[in-house]
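Dropping entry.tsv in here (TSV, N, CA and C atoms):
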```tsv
chain	number	residue	atom	x	y	z
A	490	GLN	N	-6.16	-17.66	10.22
A	490	GLN	CA	-6.04	-17.23	8.84
A	490	GLN	C	-5.80	-15.72	8.82
A	491	VAL	N	-4.74	-15.33	8.16
A	491	VAL	CA	-4.41	-13.92	8.10
A	491	VAL	C	-5.30	-13.22	7.08
A	492	GLN	N	-5.86	-12.11	7.49
A	492	GLN	CA	-6.70	-11.33	6.58
A	492	GLN	C	-6.20	-9.91	6.48
A	493	LEU	N	-6.13	-9.43	5.26
A	493	LEU	CA	-5.85	-8.03	4.98
A	493	LEU	C	-7.03	-7.53	4.17
A	494	VAL	N	-7.72	-6.53	4.67
A	494	VAL	CA	-8.94	-6.06	4.02
A	494	VAL	C	-8.76	-4.62	3.60
A	495	GLU	N	-8.74	-4.41	2.29
A	495	GLU	CA	-8.58	-3.06	1.74
A	495	GLU	C	-9.94	-2.38	1.55
A	496	SER	N	-9.91	-1.07	1.64
A	496	SER	CA	-11.10	-0.28	1.35
A	496	SER	C	-10.66	1.09	0.87
A	497	GLY	N	-11.60	1.81	0.26
A	497	GLY	CA	-11.34	3.20	-0.11
A	497	GLY	C	-11.07	3.45	-1.57
A	498	GLY	N	-11.04	2.42	-2.38
A	498	GLY	CA	-10.82	2.65	-3.80
A	498	GLY	C	-12.03	3.31	-4.44
A	499	GLY	N	-11.88	3.69	-5.69
A	499	GLY	CA	-12.98	4.31	-6.41
A	499	GLY	C	-12.50	5.02	-7.65
A	500	SER	N	-13.37	5.87	-8.18
A	500	SER	CA	-13.06	6.63	-9.39
A	500	SER	C	-12.95	8.10	-9.05
A	501	VAL	N	-11.97	8.75	-9.64
A	501	VAL	CA	-11.73	10.16	-9.36
A	501	VAL	C	-11.13	10.80	-10.61
A	502	GLN	N	-11.30	12.09	-10.73
A	502	GLN	CA	-10.70	12.80	-11.86
A	502	GLN	C	-9.24	13.13	-11.56
A	503	SER	N	-8.51	13.35	-12.63
A	503	SER	CA	-7.10	13.72	-12.49
A	503	SER	C	-6.96	14.93	-11.56
A	504	GLY	N	-5.99	14.83	-10.65
A	504	GLY	CA	-5.78	15.89	-9.66
A	504	GLY	C	-6.52	15.67	-8.37
A	505	GLY	N	-7.39	14.68	-8.34
A	505	GLY	CA	-8.17	14.40	-7.16
A	505	GLY	C	-7.41	13.57	-6.14
A	506	SER	N	-8.12	13.19	-5.08
A	506	SER	CA	-7.51	12.44	-3.97
A	506	SER	C	-8.38	11.24	-3.60
A	507	LEU	N	-7.71	10.23	-3.09
A	507	LEU	CA	-8.37	9.06	-2.50
A	507	LEU	C	-7.55	8.61	-1.31
A	508	ARG	N	-8.21	7.94	-0.39
A	508	ARG	CA	-7.53	7.39	0.79
A	508	ARG	C	-7.87	5.92	0.87
A	509	LEU	N	-6.83	5.09	0.78
A	509	LEU	CA	-7.00	3.66	0.92
A	509	LEU	C	-6.67	3.24	2.35
A	510	SER	N	-7.40	2.24	2.81
A	510	SER	CA	-7.13	1.69	4.15
A	510	SER	C	-6.99	0.19	4.08
A	511	CYS	N	-6.16	-0.34	4.95
A	511	CYS	CA	-5.93	-1.78	5.03
A	511	CYS	C	-6.04	-2.19	6.49
A	512	ALA	N	-7.04	-2.98	6.80
A	512	ALA	CA	-7.25	-3.45	8.17
A	512	ALA	C	-6.73	-4.87	8.30
A	513	THR	N	-6.08	-5.13	9.42
A	513	THR	CA	-5.58	-6.48	9.65
A	513	THR	C	-5.63	-6.79	11.13
A	514	SER	N	-5.14	-7.95	11.51
A	514	SER	CA	-5.17	-8.34	12.92
A	514	SER	C	-4.11	-7.57	13.69
A	515	GLY	N	-4.30	-7.54	15.00
A	515	GLY	CA	-3.33	-6.86	15.83
A	515	GLY	C	-1.96	-7.50	15.75
A	516	TYR	N	-1.90	-8.82	15.62
A	516	TYR	CA	-0.61	-9.51	15.55
A	516	TYR	C	0.16	-9.11	14.29
A	517	ILE	N	-0.51	-9.16	13.16
A	517	ILE	CA	0.16	-8.79	11.92
A	517	ILE	C	0.58	-7.33	11.95
A	518	TYR	N	-0.32	-6.49	12.41
A	518	TYR	CA	-0.04	-5.06	12.42
A	518	TYR	C	1.18	-4.73	13.28
A	519	SER	N	1.32	-5.45	14.42
A	519	SER	CA	2.40	-5.13	15.36
A	519	SER	C	3.69	-5.90	15.10
A	520	SER	N	3.69	-6.77	14.08
A	520	SER	CA	4.86	-7.62	13.85
A	520	SER	C	5.43	-7.52	12.44
A	521	TYR	N	4.67	-6.96	11.52
A	521	TYR	CA	5.04	-7.00	10.12
A	521	TYR	C	5.23	-5.60	9.56
A	522	SER	N	6.11	-5.50	8.57
A	522	SER	CA	6.11	-4.32	7.73
A	522	SER	C	4.90	-4.42	6.81
A	523	MET	N	4.34	-3.28	6.46
A	523	MET	CA	3.14	-3.24	5.63
A	523	MET	C	3.40	-2.44	4.36
A	524	GLY	N	2.83	-2.90	3.27
A	524	GLY	CA	3.08	-2.21	2.01
A	524	GLY	C	1.84	-2.14	1.14
A	525	TRP	N	1.89	-1.22	0.21
A	525	TRP	CA	0.88	-1.09	-0.83
A	525	TRP	C	1.54	-1.32	-2.18
A	526	PHE	N	0.88	-2.15	-2.97
A	526	PHE	CA	1.35	-2.45	-4.31
A	526	PHE	C	0.21	-2.16	-5.29
A	527	ARG	N	0.54	-2.05	-6.56
A	527	ARG	CA	-0.50	-1.85	-7.56
A	527	ARG	C	-0.16	-2.61	-8.83
A	528	GLN	N	-1.19	-2.94	-9.56
A	528	GLN	CA	-1.01	-3.64	-10.82
A	528	GLN	C	-2.05	-3.15	-11.82
A	529	ALA	N	-1.56	-2.59	-12.89
A	529	ALA	CA	-2.41	-2.15	-13.98
A	529	ALA	C	-2.52	-3.27	-15.01
A	530	PRO	N	-3.57	-3.27	-15.81
A	530	PRO	CA	-3.73	-4.32	-16.83
A	530	PRO	C	-2.52	-4.39	-17.76
A	531	GLY	N	-2.00	-5.59	-17.93
A	531	GLY	CA	-0.87	-5.79	-18.82
A	531	GLY	C	0.47	-5.38	-18.26
A	532	LYS	N	0.50	-4.98	-16.99
A	532	LYS	CA	1.75	-4.56	-16.38
A	532	LYS	C	2.08	-5.41	-15.16
A	533	GLU	N	3.33	-5.38	-14.76
A	533	GLU	CA	3.75	-6.12	-13.58
A	533	GLU	C	3.31	-5.38	-12.31
A	534	ARG	N	3.17	-6.15	-11.25
A	534	ARG	CA	2.86	-5.54	-9.97
A	534	ARG	C	4.06	-4.72	-9.50
A	535	GLU	N	3.81	-3.54	-8.98
A	535	GLU	CA	4.89	-2.68	-8.51
A	535	GLU	C	4.61	-2.17	-7.10
A	536	GLY	N	5.68	-2.01	-6.37
A	536	GLY	CA	5.57	-1.46	-5.03
A	536	GLY	C	5.32	0.03	-5.08
A	537	VAL	N	4.39	0.50	-4.29
A	537	VAL	CA	4.02	1.92	-4.26
A	537	VAL	C	4.56	2.59	-3.00
A	538	ALA	N	4.27	1.99	-1.86
A	538	ALA	CA	4.71	2.56	-0.59
A	538	ALA	C	4.72	1.46	0.45
A	539	ALA	N	5.57	1.64	1.45
A	539	ALA	CA	5.65	0.68	2.55
A	539	ALA	C	6.02	1.42	3.82
A	540	ILE	N	5.73	0.78	4.95
A	540	ILE	CA	6.06	1.39	6.23
A	540	ILE	C	6.45	0.30	7.21
A	541	ASN	N	7.54	0.52	7.93
A	541	ASN	CA	7.97	-0.52	8.86
A	541	ASN	C	7.46	-0.24	10.27
A	542	LEU	N	7.85	-1.05	11.21
A	542	LEU	CA	7.33	-0.94	12.57
A	542	LEU	C	7.82	0.33	13.27
A	543	ASN	N	8.89	0.91	12.77
A	543	ASN	CA	9.35	2.18	13.32
A	543	ASN	C	8.62	3.37	12.70
A	544	GLY	N	7.70	3.07	11.77
A	544	GLY	CA	6.97	4.14	11.12
A	544	GLY	C	7.74	4.81	10.00
A	545	ILE	N	8.84	4.20	9.59
A	545	ILE	CA	9.65	4.78	8.51
A	545	ILE	C	9.07	4.36	7.17
A	546	PRO	N	8.72	5.31	6.31
A	546	PRO	CA	8.12	4.97	5.03
A	546	PRO	C	9.14	4.82	3.91
A	547	SER	N	8.72	4.11	2.88
A	547	SER	CA	9.47	4.03	1.64
A	547	SER	C	8.48	4.26	0.51
A	548	TYR	N	8.91	4.96	-0.53
A	548	TYR	CA	8.01	5.28	-1.64
A	548	TYR	C	8.67	5.00	-2.98
A	549	ALA	N	7.85	4.60	-3.93
A	549	ALA	CA	8.31	4.54	-5.31
A	549	ALA	C	8.51	5.96	-5.81
A	550	ASP	N	9.48	6.15	-6.70
A	550	ASP	CA	9.77	7.50	-7.22
A	550	ASP	C	8.54	8.12	-7.86
A	551	SER	N	7.71	7.28	-8.47
A	551	SER	CA	6.56	7.79	-9.21
A	551	SER	C	5.48	8.40	-8.32
A	552	VAL	N	5.53	8.13	-7.02
A	552	VAL	CA	4.49	8.65	-6.12
A	552	VAL	C	5.03	9.57	-5.03
A	553	LYS	N	6.34	9.73	-4.97
A	553	LYS	CA	6.93	10.59	-3.94
A	553	LYS	C	6.37	12.00	-4.04
A	554	GLY	N	5.99	12.54	-2.88
A	554	GLY	CA	5.44	13.88	-2.84
A	554	GLY	C	3.94	13.93	-3.08
A	555	ARG	N	3.37	12.82	-3.51
A	555	ARG	CA	1.91	12.77	-3.77
A	555	ARG	C	1.20	11.79	-2.84
A	556	PHE	N	1.84	10.68	-2.51
A	556	PHE	CA	1.25	9.66	-1.66
A	556	PHE	C	1.90	9.68	-0.28
A	557	THR	N	1.09	9.36	0.73
A	557	THR	CA	1.60	9.27	2.10
A	557	THR	C	1.06	8.02	2.75
A	558	ILE	N	1.95	7.18	3.25
A	558	ILE	CA	1.54	5.97	3.96
A	558	ILE	C	1.66	6.23	5.45
A	559	SER	N	0.72	5.67	6.22
A	559	SER	CA	0.74	5.89	7.66
A	559	SER	C	0.13	4.71	8.39
A	560	ARG	N	0.47	4.60	9.66
A	560	ARG	CA	-0.11	3.57	10.52
A	560	ARG	C	-1.09	4.21	11.50
A	561	ASP	N	-2.21	3.54	11.72
A	561	ASP	CA	-3.17	3.94	12.74
A	561	ASP	C	-3.17	2.86	13.80
A	562	ASN	N	-2.43	3.11	14.88
A	562	ASN	CA	-2.25	2.08	15.91
A	562	ASN	C	-3.56	1.72	16.61
A	563	ALA	N	-4.46	2.65	16.74
A	563	ALA	CA	-5.71	2.39	17.44
A	563	ALA	C	-6.61	1.43	16.67
A	564	LYS	N	-6.45	1.41	15.35
A	564	LYS	CA	-7.32	0.59	14.51
A	564	LYS	C	-6.60	-0.56	13.83
A	565	SER	N	-5.31	-0.72	14.08
A	565	SER	CA	-4.51	-1.75	13.39
A	565	SER	C	-4.70	-1.63	11.88
A	566	THR	N	-4.57	-0.42	11.40
A	566	THR	CA	-4.85	-0.11	10.00
A	566	THR	C	-3.69	0.67	9.40
A	567	VAL	N	-3.43	0.38	8.15
A	567	VAL	CA	-2.42	1.13	7.40
A	567	VAL	C	-3.15	1.90	6.30
A	568	ASN	N	-2.88	3.17	6.22
A	568	ASN	CA	-3.57	4.04	5.27
A	568	ASN	C	-2.62	4.53	4.18
A	569	LEU	N	-3.18	4.76	3.01
A	569	LEU	CA	-2.43	5.35	1.90
A	569	LEU	C	-3.23	6.55	1.39
A	570	GLN	N	-2.75	7.73	1.71
A	570	GLN	CA	-3.37	8.95	1.23
A	570	GLN	C	-2.78	9.28	-0.13
A	571	MET	N	-3.63	9.37	-1.13
A	571	MET	CA	-3.16	9.60	-2.49
A	571	MET	C	-3.70	10.94	-2.98
A	572	ASN	N	-2.82	11.87	-3.22
A	572	ASN	CA	-3.19	13.20	-3.70
A	572	ASN	C	-2.64	13.42	-5.11
A	573	SER	N	-3.16	14.43	-5.77
A	573	SER	CA	-2.71	14.79	-7.13
A	573	SER	C	-2.67	13.56	-8.03
A	574	LEU	N	-3.73	12.82	-8.00
A	574	LEU	CA	-3.77	11.56	-8.76
A	574	LEU	C	-3.72	11.82	-10.25
A	575	LYS	N	-3.08	10.88	-10.94
A	575	LYS	CA	-2.89	10.96	-12.39
A	575	LYS	C	-3.52	9.72	-13.05
A	576	PRO	N	-3.86	9.82	-14.30
A	576	PRO	CA	-4.42	8.64	-14.99
A	576	PRO	C	-3.50	7.42	-14.89
A	577	GLU	N	-2.20	7.63	-14.88
A	577	GLU	CA	-1.27	6.51	-14.78
A	577	GLU	C	-1.25	5.86	-13.41
A	578	ASP	N	-1.96	6.42	-12.45
A	578	ASP	CA	-2.12	5.77	-11.14
A	578	ASP	C	-3.23	4.74	-11.16
A	579	THR	N	-3.98	4.68	-12.25
A	579	THR	CA	-5.07	3.71	-12.36
A	579	THR	C	-4.53	2.29	-12.28
A	580	ALA	N	-5.07	1.52	-11.35
A	580	ALA	CA	-4.61	0.14	-11.12
A	580	ALA	C	-5.44	-0.50	-10.03
A	581	MET	N	-5.24	-1.80	-9.85
A	581	MET	CA	-5.74	-2.48	-8.67
A	581	MET	C	-4.66	-2.31	-7.60
A	582	TYR	N	-5.06	-1.86	-6.44
A	582	TYR	CA	-4.13	-1.63	-5.35
A	582	TYR	C	-4.29	-2.73	-4.30
A	583	TYR	N	-3.15	-3.27	-3.89
A	583	TYR	CA	-3.14	-4.37	-2.93
A	583	TYR	C	-2.36	-3.99	-1.68
A	584	CYS	N	-2.89	-4.39	-0.55
A	584	CYS	CA	-2.19	-4.27	0.71
A	584	CYS	C	-1.46	-5.59	0.96
A	585	ALA	N	-0.29	-5.51	1.57
A	585	ALA	CA	0.50	-6.71	1.83
A	585	ALA	C	1.28	-6.57	3.13
A	586	ALA	N	1.63	-7.72	3.69
A	586	ALA	CA	2.39	-7.75	4.94
A	586	ALA	C	3.64	-8.58	4.77
A	587	ALA	N	4.77	-8.05	5.28
A	587	ALA	CA	6.05	-8.73	5.19
A	587	ALA	C	6.58	-9.05	6.58
A	588	PRO	N	7.01	-10.29	6.83
A	588	PRO	CA	7.58	-10.63	8.14
A	588	PRO	C	8.89	-9.91	8.38
A	589	GLY	N	9.27	-9.79	9.62
A	589	GLY	CA	10.48	-9.04	9.91
A	589	GLY	C	10.18	-7.57	9.71
A	590	GLY	N	9.60	-6.96	10.72
A	590	GLY	CA	8.94	-5.68	10.53
A	590	GLY	C	9.82	-4.46	10.33
A	591	TYR	N	11.10	-4.66	10.02
A	591	TYR	CA	11.98	-3.49	9.92
A	591	TYR	C	12.64	-3.38	8.56
A	592	CYS	N	11.81	-3.54	7.53
A	592	CYS	CA	12.35	-3.36	6.19
A	592	CYS	C	12.75	-1.91	6.00
A	593	SER	N	13.64	-1.68	5.06
A	593	SER	CA	14.06	-0.31	4.78
A	593	SER	C	14.39	-0.16	3.31
A	594	GLY	N	14.19	1.04	2.82
A	594	GLY	CA	14.57	1.37	1.47
A	594	GLY	C	13.85	0.57	0.41
A	595	SER	N	14.55	0.31	-0.69
A	595	SER	CA	13.94	-0.33	-1.84
A	595	SER	C	13.49	-1.76	-1.56
A	596	TRP	N	14.11	-2.41	-0.57
A	596	TRP	CA	13.68	-3.78	-0.24
A	596	TRP	C	12.21	-3.81	0.13
A	597	CYS	N	11.75	-2.76	0.78
A	597	CYS	CA	10.36	-2.71	1.23
A	597	CYS	C	9.38	-2.73	0.07
A	598	LEU	N	9.84	-2.37	-1.12
A	598	LEU	CA	8.94	-2.27	-2.26
A	598	LEU	C	9.02	-3.47	-3.20
A	599	ARG	N	9.68	-4.52	-2.75
A	599	ARG	CA	9.77	-5.75	-3.55
A	599	ARG	C	8.68	-6.71	-3.11
A	600	SER	N	7.84	-7.13	-4.03
A	600	SER	CA	6.72	-8.00	-3.68
A	600	SER	C	7.19	-9.35	-3.14
A	601	SER	N	8.40	-9.77	-3.51
A	601	SER	CA	8.89	-11.08	-3.06
A	601	SER	C	9.07	-11.14	-1.55
A	602	GLY	N	9.16	-9.98	-0.91
A	602	GLY	CA	9.34	-9.97	0.53
A	602	GLY	C	8.05	-10.10	1.32
A	603	TYR	N	6.92	-10.10	0.64
A	603	TYR	CA	5.61	-10.09	1.30
A	603	TYR	C	4.93	-11.45	1.15
A	604	ASN	N	4.39	-11.95	2.25
A	604	ASN	CA	3.77	-13.26	2.17
A	604	ASN	C	2.27	-13.26	2.45
A	605	TYR	N	1.72	-12.12	2.80
A	605	TYR	CA	0.28	-12.02	2.97
A	605	TYR	C	-0.24	-10.86	2.10
A	606	TRP	N	-1.36	-11.13	1.43
A	606	TRP	CA	-1.90	-10.16	0.48
A	606	TRP	C	-3.41	-10.02	0.65
A	607	GLY	N	-3.90	-8.81	0.44
A	607	GLY	CA	-5.32	-8.58	0.41
A	607	GLY	C	-5.88	-8.87	-0.97
A	608	GLN	N	-7.19	-8.69	-1.11
A	608	GLN	CA	-7.88	-8.98	-2.36
A	608	GLN	C	-7.77	-7.84	-3.37
A	609	GLY	N	-7.44	-6.68	-2.91
A	609	GLY	CA	-7.26	-5.55	-3.81
A	609	GLY	C	-8.46	-4.62	-3.84
A	610	THR	N	-8.20	-3.38	-4.18
A	610	THR	CA	-9.24	-2.39	-4.37
A	610	THR	C	-8.89	-1.55	-5.60
A	611	GLN	N	-9.88	-1.31	-6.44
A	611	GLN	CA	-9.63	-0.66	-7.72
A	611	GLN	C	-9.58	0.86	-7.55
A	612	VAL	N	-8.58	1.46	-8.18
A	612	VAL	CA	-8.46	2.91	-8.27
A	612	VAL	C	-8.45	3.29	-9.74
A	613	THR	N	-9.37	4.17	-10.12
A	613	THR	CA	-9.46	4.61	-11.51
A	613	THR	C	-9.40	6.13	-11.55
A	614	VAL	N	-8.45	6.66	-12.30
A	614	VAL	CA	-8.27	8.10	-12.41
A	614	VAL	C	-8.51	8.49	-13.87
A	615	SER	N	-9.48	9.35	-14.07
A	615	SER	CA	-9.81	9.77	-15.43
A	615	SER	C	-9.23	11.14	-15.72
A	616	SER	N	-8.90	11.36	-16.98
A	616	SER	CA	-8.29	12.64	-17.37
A	616	SER	C	-9.34	13.69	-17.69
```
Could you rewrite the structure in this file as structure tokens?
Amino acid sequence: QVQLVESGGGSVQSGGSLRLSCATSGYIYSSYSMGWFRQAPGKEREGVAAINLNGIPSYADSVKGRFTISRDNAKSTVNLQMNSLKPEDTAMYYCAAAPGGYCSGSWCLRSSGYNYWGQGTQVTVSS
């Protein structure tokens, strides 16, 4: 059974930072592209950032320059460093894995390409 376990969510004031982590098995980590998605109440799920097996990232325009996705090979973990957070970043954040580990560009941010999902971690940014 594939497991993706997110951690690191919480509440922060506008302008603050949070770091999300997603732990998974070594097989998934070494074979899949990994992504972070978010869903706010009443809104559709949207792709935030993704990273392929070559370590090449993709970002939504709304988070470019503020969020950084990275792989930690020693821990089979994908991290999302979120800086300069805004109230509009408030959402449930989900980690996901997509087969075919070499996604690129906007394809990486489409939820339809991902077949494994974590339970989510809440991020709340207050003004």
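Atom pair atom C of Asn562 in chain A / atom C of Ser547 in chain A has a distance of 20.3 Å (rounded to one decimal).
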Quick one: pull the distance between atom N of Asn572 in chain A and CA of Leu507 in chain A, Å, one decimal.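 Those two atoms sit 6.3 Å apart.
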Contact residues around range 529-533 of chain A with only C-alpha atoms at 7 Å, ignoring same-chain residues under 3 positions, as a PyMOL selection string: chain A and resi 579-581
Pick the closest to Tyr583 in chain A from A:Ser615, A:Gln570, A:Ser510, A:Ser519: which is it, counting only C-alpha atoms?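 Checking each candidate against Tyr583 in chain A, we get A:Ser510 as the closest.
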Neighbours of point (7.6, -1.1, 8.6) within 8 Å, using only C-alpha atoms, written as a VMD selection string: chain A and resid 521 to 523 539 to 546 590 to 593
Those of range 529-576 of chain A in DSSP strand (DSSP E or B), formatted as number ranges by chain: A: 535-540, 546-548, 556-561, 566-571
So the first atom is CA of Ala585 in chain A and the second is CA of Gln502 in chain A; what is the distance between them in Å, to one decimal place?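 If I compute the distance from CA of Ala585 in chain A to CA of Gln502 in chain A, I get 26.3 Å.
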